[in-house]
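Everything below belongs to coords.txt, which stores compact mmCIF, C-alpha atoms.
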# COMPACT_ATOMS: atom_id res chain seq x y z
CA ALA A 1073 77.85 99.83 105.87
CA GLN A 1074 81.01 99.31 103.89
CA SER A 1075 83.93 97.21 105.06
CA VAL A 1076 87.32 96.12 103.76
CA THR A 1077 89.14 92.87 104.46
CA GLN A 1078 92.81 92.34 103.85
CA LEU A 1079 93.34 88.66 104.36
CA ASP A 1080 97.11 88.69 104.80
CA SER A 1081 98.69 90.67 107.62
CA GLN A 1082 102.20 89.90 106.41
CA VAL A 1083 103.57 88.83 103.04
CA PRO A 1084 107.25 87.90 102.74
CA VAL A 1085 108.67 87.72 99.24
CA PHE A 1086 112.07 87.57 97.61
CA GLU A 1087 113.34 90.44 95.51
CA GLU A 1088 112.35 90.24 91.82
CA ALA A 1089 109.53 87.80 92.59
CA PRO A 1090 105.89 88.66 91.82
CA VAL A 1091 103.51 89.55 94.63
CA GLU A 1092 99.77 89.83 95.14
CA LEU A 1093 98.17 91.55 98.11
CA ARG A 1094 94.54 90.61 98.55
CA CYS A 1095 91.65 92.92 99.32
CA ASN A 1096 87.95 92.19 99.52
CA TYR A 1097 85.24 94.72 100.23
CA SER A 1098 81.58 94.68 101.05
CA SER A 1099 79.18 97.34 99.93
CA SER A 1100 75.61 97.54 98.78
CA VAL A 1101 76.32 100.40 96.41
CA SER A 1102 78.93 101.32 93.83
CA VAL A 1103 82.23 102.21 95.41
CA TYR A 1104 85.51 103.82 94.68
CA LEU A 1105 88.53 101.78 95.72
CA PHE A 1106 92.05 102.78 96.66
CA TRP A 1107 95.39 101.32 97.58
CA TYR A 1108 97.69 103.34 99.80
CA VAL A 1109 101.28 102.62 100.85
CA GLN A 1110 102.89 103.66 104.12
CA TYR A 1111 106.64 103.68 104.61
CA PRO A 1112 108.02 103.69 108.18
CA ASN A 1113 107.34 106.91 110.07
CA GLN A 1114 105.48 108.44 107.16
CA GLY A 1115 101.92 109.15 106.14
CA LEU A 1116 99.90 107.32 103.52
CA GLN A 1117 100.68 107.74 99.83
CA LEU A 1118 98.20 106.88 97.10
CA LEU A 1119 99.34 103.99 94.91
CA LEU A 1120 96.31 103.73 92.64
CA LYS A 1121 92.56 104.12 92.52
CA TYR A 1122 89.55 102.62 90.80
CA LEU A 1123 86.78 105.05 90.02
CA SER A 1124 85.13 103.61 86.90
CA GLY A 1125 85.98 102.26 83.45
CA SER A 1126 88.68 99.69 82.88
CA THR A 1127 88.87 97.16 85.67
CA LEU A 1128 92.66 96.99 85.44
CA VAL A 1129 94.19 100.01 87.08
CA LYS A 1130 97.83 100.95 86.90
CA GLY A 1131 99.52 102.93 89.61
CA ILE A 1132 102.88 104.24 90.64
CA ASN A 1133 106.04 102.18 91.18
CA GLY A 1134 104.89 99.43 88.80
CA PHE A 1135 101.86 98.37 90.85
CA GLU A 1136 98.50 97.48 89.35
CA ALA A 1137 95.19 96.27 90.68
CA GLU A 1138 92.16 94.58 89.20
CA PHE A 1139 88.62 95.42 90.22
CA ASN A 1140 86.38 92.35 90.23
CA LYS A 1141 82.80 93.29 90.95
CA SER A 1142 81.43 89.74 91.08
CA GLN A 1143 84.03 88.69 93.64
CA THR A 1144 84.05 92.10 95.35
CA SER A 1145 87.83 92.11 95.23
CA PHE A 1146 90.52 94.64 94.42
CA HIS A 1147 93.81 92.75 94.62
CA LEU A 1148 97.11 94.57 94.23
CA ARG A 1149 99.89 93.06 92.12
CA LYS A 1150 103.44 93.74 91.08
CA PRO A 1151 105.30 91.44 88.67
CA SER A 1152 108.73 92.01 90.19
CA VAL A 1153 109.28 93.56 93.61
CA HIS A 1154 112.24 95.53 94.87
CA ILE A 1155 113.69 95.95 98.33
CA SER A 1156 112.33 99.49 98.35
CA ASP A 1157 108.76 98.12 98.13
CA THR A 1158 109.02 96.98 101.75
CA ALA A 1159 106.19 98.88 103.43
CA GLU A 1160 102.64 98.52 104.71
CA TYR A 1161 99.85 98.55 102.16
CA PHE A 1162 96.28 99.58 102.86
CA CYS A 1163 93.20 98.93 100.79
CA ALA A 1164 90.37 101.43 101.25
CA VAL A 1165 86.85 102.05 100.05
CA SER A 1166 85.25 105.45 99.78
CA THR A 1167 82.23 105.64 102.03
CA ILE A 1168 79.25 107.29 100.49
CA ILE A 1169 77.72 109.67 102.99
CA LEU A 1170 74.33 110.66 101.69
CA THR A 1171 73.30 113.06 104.44
CA GLY A 1172 75.43 116.16 104.53
CA GLY A 1173 77.97 114.81 102.09
CA GLY A 1174 81.48 114.29 103.24
CA ASN A 1175 84.60 112.28 102.78
CA LYS A 1176 85.39 109.13 104.64
CA LEU A 1177 87.59 106.22 103.72
CA THR A 1178 87.15 102.85 105.34
CA PHE A 1179 90.50 101.11 105.54
CA GLY A 1180 91.51 97.50 105.76
CA THR A 1181 93.86 96.43 108.53
CA GLY A 1182 96.88 96.58 106.27
CA THR A 1183 99.37 94.11 104.79
CA GLN A 1184 103.03 94.34 105.67
CA LEU A 1185 105.06 93.52 102.58
CA LYS A 1186 108.61 92.44 103.40
CA VAL A 1187 110.95 92.05 100.46
CA GLU A 1188 114.03 89.95 101.13
CA LEU A 1189 117.24 89.44 99.19
CA LYS B 1424 102.04 122.34 94.94
CA ALA B 1425 102.73 121.84 98.62
CA GLY B 1426 101.31 118.76 100.29
CA VAL B 1427 99.50 118.38 103.58
CA THR B 1428 101.61 119.69 106.45
CA GLN B 1429 101.22 118.48 110.01
CA THR B 1430 102.88 119.88 113.12
CA PRO B 1431 104.41 118.83 115.37
CA ARG B 1432 105.78 115.58 113.95
CA TYR B 1433 106.60 114.09 117.33
CA LEU B 1434 105.50 114.93 120.84
CA ILE B 1435 105.50 113.38 124.28
CA LYS B 1436 102.89 114.15 126.91
CA THR B 1437 101.91 112.73 130.28
CA ARG B 1438 98.54 111.38 131.33
CA GLY B 1439 96.01 114.07 132.12
CA GLN B 1440 97.58 116.70 129.90
CA GLN B 1441 96.03 118.00 126.71
CA VAL B 1442 97.48 118.30 123.24
CA THR B 1443 96.74 120.30 120.09
CA LEU B 1444 97.81 119.11 116.65
CA SER B 1445 97.81 121.26 113.55
CA CYS B 1446 97.17 120.51 109.89
CA SER B 1447 97.52 122.68 106.80
CA PRO B 1448 95.74 121.16 103.79
CA ILE B 1449 96.69 121.31 100.15
CA SER B 1450 95.84 124.68 98.68
CA GLY B 1451 92.28 124.69 97.39
CA HIS B 1452 91.16 121.71 99.45
CA ARG B 1453 88.31 122.59 101.77
CA SER B 1454 87.84 119.20 103.42
CA VAL B 1455 90.14 118.10 106.22
CA SER B 1456 89.85 114.72 107.90
CA TRP B 1457 91.63 113.25 110.90
CA TYR B 1458 92.51 109.61 111.48
CA GLN B 1459 94.07 107.81 114.41
CA GLN B 1460 96.45 104.97 113.63
CA THR B 1461 97.47 102.41 116.23
CA PRO B 1462 98.94 98.91 115.89
CA GLY B 1463 95.91 97.35 117.53
CA GLN B 1464 93.04 99.27 115.95
CA GLY B 1465 94.54 100.27 112.62
CA LEU B 1466 93.27 103.41 110.92
CA GLN B 1467 90.20 104.88 112.56
CA PHE B 1468 88.26 107.90 111.40
CA LEU B 1469 88.03 110.71 113.92
CA PHE B 1470 86.18 113.51 112.13
CA GLU B 1471 85.97 115.60 109.01
CA TYR B 1472 85.65 119.34 108.61
CA PHE B 1473 84.45 121.23 105.59
CA SER B 1474 84.19 125.01 105.38
CA GLU B 1475 84.71 125.37 109.13
CA THR B 1476 81.91 122.91 109.98
CA GLN B 1477 82.26 119.41 111.32
CA ARG B 1478 80.60 117.29 108.69
CA ASN B 1479 81.21 113.78 109.97
CA LYS B 1480 82.37 112.22 113.20
CA GLY B 1481 83.72 108.82 114.15
CA ASN B 1482 83.20 106.89 117.37
CA PHE B 1483 85.60 108.64 119.69
CA PRO B 1484 84.89 110.13 123.12
CA GLY B 1485 84.26 113.82 123.58
CA ARG B 1486 87.86 114.32 124.71
CA PHE B 1487 88.70 114.38 121.02
CA SER B 1488 87.68 117.59 119.31
CA GLY B 1489 88.65 119.63 116.34
CA ARG B 1490 88.05 122.79 114.43
CA GLN B 1491 88.72 124.33 111.07
CA PHE B 1492 89.62 127.90 110.30
CA SER B 1493 88.54 130.09 107.40
CA ASN B 1494 91.79 129.32 105.55
CA SER B 1495 90.94 125.57 105.81
CA ARG B 1496 93.71 124.89 108.32
CA SER B 1497 92.57 122.52 111.00
CA GLU B 1498 93.47 121.65 114.55
CA MET B 1499 92.54 118.70 116.67
CA ASN B 1500 92.65 118.64 120.44
CA VAL B 1501 92.76 115.77 122.88
CA SER B 1502 92.08 116.61 126.49
CA THR B 1503 92.81 114.56 129.60
CA LEU B 1504 95.22 112.30 127.78
CA GLU B 1505 95.21 108.58 128.46
CA LEU B 1506 97.92 106.02 127.74
CA GLY B 1507 95.72 104.56 125.00
CA ASP B 1508 95.81 107.84 123.11
CA SER B 1509 99.38 107.12 122.06
CA ALA B 1510 99.14 106.90 118.29
CA LEU B 1511 100.01 108.37 114.95
CA TYR B 1512 97.46 111.05 114.11
CA LEU B 1513 97.04 111.56 110.40
CA CYS B 1514 95.45 114.50 108.70
CA ALA B 1515 94.14 114.27 105.15
CA SER B 1516 92.69 116.84 102.80
CA SER B 1517 90.45 116.44 99.79
CA LEU B 1518 88.33 118.32 97.33
CA GLU B 1519 84.90 116.80 97.77
CA GLY B 1520 83.13 113.67 98.84
CA VAL B 1521 81.54 111.01 96.67
CA SER B 1522 77.98 112.14 97.25
CA HIS B 1523 78.86 115.58 95.90
CA GLY B 1524 80.54 114.43 92.74
CA GLY B 1525 84.00 113.87 94.16
CA THR B 1526 86.00 110.66 94.31
CA GLY B 1527 86.73 110.58 97.99
CA GLU B 1528 90.46 110.49 97.35
CA LEU B 1529 92.37 111.67 100.40
CA PHE B 1530 95.83 113.25 100.46
CA PHE B 1531 97.64 112.52 103.70
CA GLY B 1532 100.22 114.36 105.73
CA GLU B 1533 103.12 112.58 107.42
CA GLY B 1534 101.36 112.50 110.73
CA SER B 1535 101.94 113.59 114.30
CA ARG B 1536 103.22 110.82 116.54
CA LEU B 1537 101.92 111.28 120.06
CA THR B 1538 103.37 109.34 122.97
CA VAL B 1539 101.54 109.50 126.30
CA LEU B 1540 103.56 108.50 129.37

Same coordinates, now as structure tokens:
Amino acid sequence: AQSVTQLDSQVPVFEEAPVELRCNYSSSVSVYLFWYVQYPNQGLQLLLKYLSGSTLVKGINGFEAEFNKSQTSFHLRKPSVHISDTAEYFCAVSTIILTGGGNKLTFGTGTQLKVEL
Amino acid sequence: KAGVTQTPRYLIKTRGQQVTLSCSPISGHRSVSWYQQTPGQGLQFLFEYFSETQRNKGNFPGRFSGRQFSNSRSEMNVSTLELGDSALYLCASSLEGVSHGGTGELFFGEGSRLTVL
């Protein structure tokens, strides 16, 4: 079974500072990895995804993530955050369902990013 | 291209009642998944429908049910509501799962926030 661990439940950071949100996953097979962002009272929006190829993935709003297979990590980074980045961030792994196919994402518990002036 | 649409956005029910939530997927998407989001349990997979058939199911009691129509629109129903059913219910649509050549990427609606009193 696949699982996702987000080690930090909350990350406070000052505006214009860099930030890293950590994500580790466990899986016995190749996986696809995602980062989603959720603003208050809204659904989840895809930030970026790793499917294959280059291990450094760039997403929207200046975010990027690096896939590290040996460390089973997919940490999210932004070199300079803005107040508007305040939101909850979820790391997810695509669960491979071999019988009957199907789509299922396994989510981490989320990291609340709070950007302060 | 219109996104995933969920109705209603907010609703309040009392214990013992039932509720039906609706989801219209992105045009062309045949897979619709439902997730429950609560502060304590995070994002939990309820079920997935594909071409009017339930393809996968999470670990929820039988009070939670769903269906999908021929136009891919989906509904979920919760009967005999309990206080613990208060949550944000998220619908997501996608093209195809990983085991069938897809990426597993989900596109989420803004959710239906259910409050049970």

Output the contact residues of chain B with respect to chain A at a cut-off of 9 Å, based on only C-alpha atoms, as a PDB file with C-alpha atoms, in the coordinates of the input.
ATOM      1  CA  SER B1454      87.840 119.200 103.420  1.00  0.00           C
ATOM      2  CA  VAL B1455      90.140 118.100 106.220  1.00  0.00           C
ATOM      3  CA  SER B1456      89.850 114.720 107.900  1.00  0.00           C
ATOM      4  CA  GLN B1464      93.040  99.270 115.950  1.00  0.00           C
ATOM      5  CA  GLY B1465      94.540 100.270 112.620  1.00  0.00           C
ATOM      6  CA  LEU B1466      93.270 103.410 110.920  1.00  0.00           C
ATOM      7  CA  GLN B1467      90.200 104.880 112.560  1.00  0.00           C
ATOM      8  CA  PHE B1468      88.260 107.900 111.400  1.00  0.00           C
ATOM      9  CA  PHE B1470      86.180 113.510 112.130  1.00  0.00           C
ATOM     10  CA  GLU B1471      85.970 115.600 109.010  1.00  0.00           C
ATOM     11  CA  TYR B1472      85.650 119.340 108.610  1.00  0.00           C
ATOM     12  CA  PHE B1473      84.450 121.230 105.590  1.00  0.00           C
ATOM     13  CA  ARG B1478      80.600 117.290 108.690  1.00  0.00           C
ATOM     14  CA  ASN B1479      81.210 113.780 109.970  1.00  0.00           C
ATOM     15  CA  LEU B1511     100.010 108.370 114.950  1.00  0.00           C
ATOM     16  CA  LEU B1513      97.040 111.560 110.400  1.00  0.00           C
ATOM     17  CA  CYS B1514      95.450 114.500 108.700  1.00  0.00           C
ATOM     18  CA  SER B1517      90.450 116.440  99.790  1.00  0.00           C
ATOM     19  CA  LEU B1518      88.330 118.320  97.330  1.00  0.00           C
ATOM     20  CA  GLU B1519      84.900 116.800  97.770  1.00  0.00           C
ATOM     21  CA  GLY B1520      83.130 113.670  98.840  1.00  0.00           C
ATOM     22  CA  VAL B1521      81.540 111.010  96.670  1.00  0.00           C
ATOM     23  CA  SER B1522      77.980 112.140  97.250  1.00  0.00           C
ATOM     24  CA  HIS B1523      78.860 115.580  95.900  1.00  0.00           C
ATOM     25  CA  GLY B1525      84.000 113.870  94.160  1.00  0.00           C
ATOM     26  CA  THR B1526      86.000 110.660  94.310  1.00  0.00           C
ATOM     27  CA  GLY B1527      86.730 110.580  97.990  1.00  0.00           C
ATOM     28  CA  GLU B1528      90.460 110.490  97.350  1.00  0.00           C
ATOM     29  CA  LEU B1529      92.370 111.670 100.400  1.00  0.00           C
ATOM     30  CA  PHE B1530      95.830 113.250 100.460  1.00  0.00           C
ATOM     31  CA  PHE B1531      97.640 112.520 103.700  1.00  0.00           C
ATOM     32  CA  GLY B1532     100.220 114.360 105.730  1.00  0.00           C
ATOM     33  CA  GLU B1533     103.120 112.580 107.420  1.00  0.00           C
ATOM     34  CA  GLY B1534     101.360 112.500 110.730  1.00  0.00           C
ATOM     35  CA  ARG B1536     103.220 110.820 116.540  1.00  0.00           C
TER      36      ARG B1536
END

Length of the CA of Ala1425 in chain B to CA of Gly1451 in chain B vector [Å] = 10.9 Å

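Note that the spacing between CA of His1154 in chain A and CA of Glu1087 in chain A amounts to 5.2 Å.
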
Interatomic distance (Å, one decimal) between CA of Ser1535 in chain B and CA of Tyr1512 in chain B =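 About the pair CA of Ser1535 in chain B and CA of Tyr1512 in chain B: they are 5.2 Å apart.
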
Would you kindly return, as a VMD selection string, each protein, DNA or RNA residue with an atom no farther than 8 Å from any atom of Ser1099 in chain A, considering only C-alpha atoms and excluding same-chain residues fewer than 2 positions away?
-> chain A and resid 1073 to 1075 1097 1101 to 1103

Can you tell me, as a PyMOL selection string, what residues are no more than 7 Å from Val1501 in chain B when counting all atoms listed in the file, ignoring any on the same chain fewer than 4 positions away?
-> chain B and resi 1441-1443+1486-1488

Contacts of range 1133-1149 of chain A at 7 Å (only C-alpha atoms; same-chain gap of 3+ positions) as a PDB file with C-alpha atoms, in the coordinates of the input:
ATOM      1  CA  VAL A1091     103.510  89.550  94.630  1.00  0.00           C
ATOM      2  CA  GLU A1092      99.770  89.830  95.140  1.00  0.00           C
ATOM      3  CA  LEU A1093      98.170  91.550  98.110  1.00  0.00           C
ATOM      4  CA  ARG A1094      94.540  90.610  98.550  1.00  0.00           C
ATOM      5  CA  CYS A1095      91.650  92.920  99.320  1.00  0.00           C
ATOM      6  CA  ASN A1096      87.950  92.190  99.520  1.00  0.00           C
ATOM      7  CA  TYR A1097      85.240  94.720 100.230  1.00  0.00           C
ATOM      8  CA  SER A1098      81.580  94.680 101.050  1.00  0.00           C
ATOM      9  CA  THR A1127      88.870  97.160  85.670  1.00  0.00           C
ATOM     10  CA  LEU A1128      92.660  96.990  85.440  1.00  0.00           C
ATOM     11  CA  VAL A1129      94.190 100.010  87.080  1.00  0.00           C
ATOM     12  CA  LYS A1130      97.830 100.950  86.900  1.00  0.00           C
TER      13      LYS A1130
END

What's the 9 Å shell around Leu1540 in chain B, counting only C-alpha atoms, without same-chain residues fewer than 5 positions away, as a ChimeraX atom specification?
-> /B:1435-1438,1505-1506,1509

Which residues come within 7 Å of Gln1184 in chain A, counting all atoms listed in the file, excluding same-chain residues fewer than 6 positions away, as a PyMOL selection string?
-> chain A and resi 1081-1083+1159-1161

When distances are computed from only C-alpha atoms, which of B:Asn1494, B:Tyr1458, B:Leu1537, B:Gly1463 shows the smallest separation from Lys1480 in chain B?
->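 When distances to Lys1480 in chain B are compared using only C-alpha atoms, the smallest one comes from B:Tyr1458.
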
Min atom-atom distance to His1452 in chain B from the set B:Val1427, B:Asp1508, B:Gly1489, B:Ser1502, counting all atoms listed in the file, belongs to B:Val1427
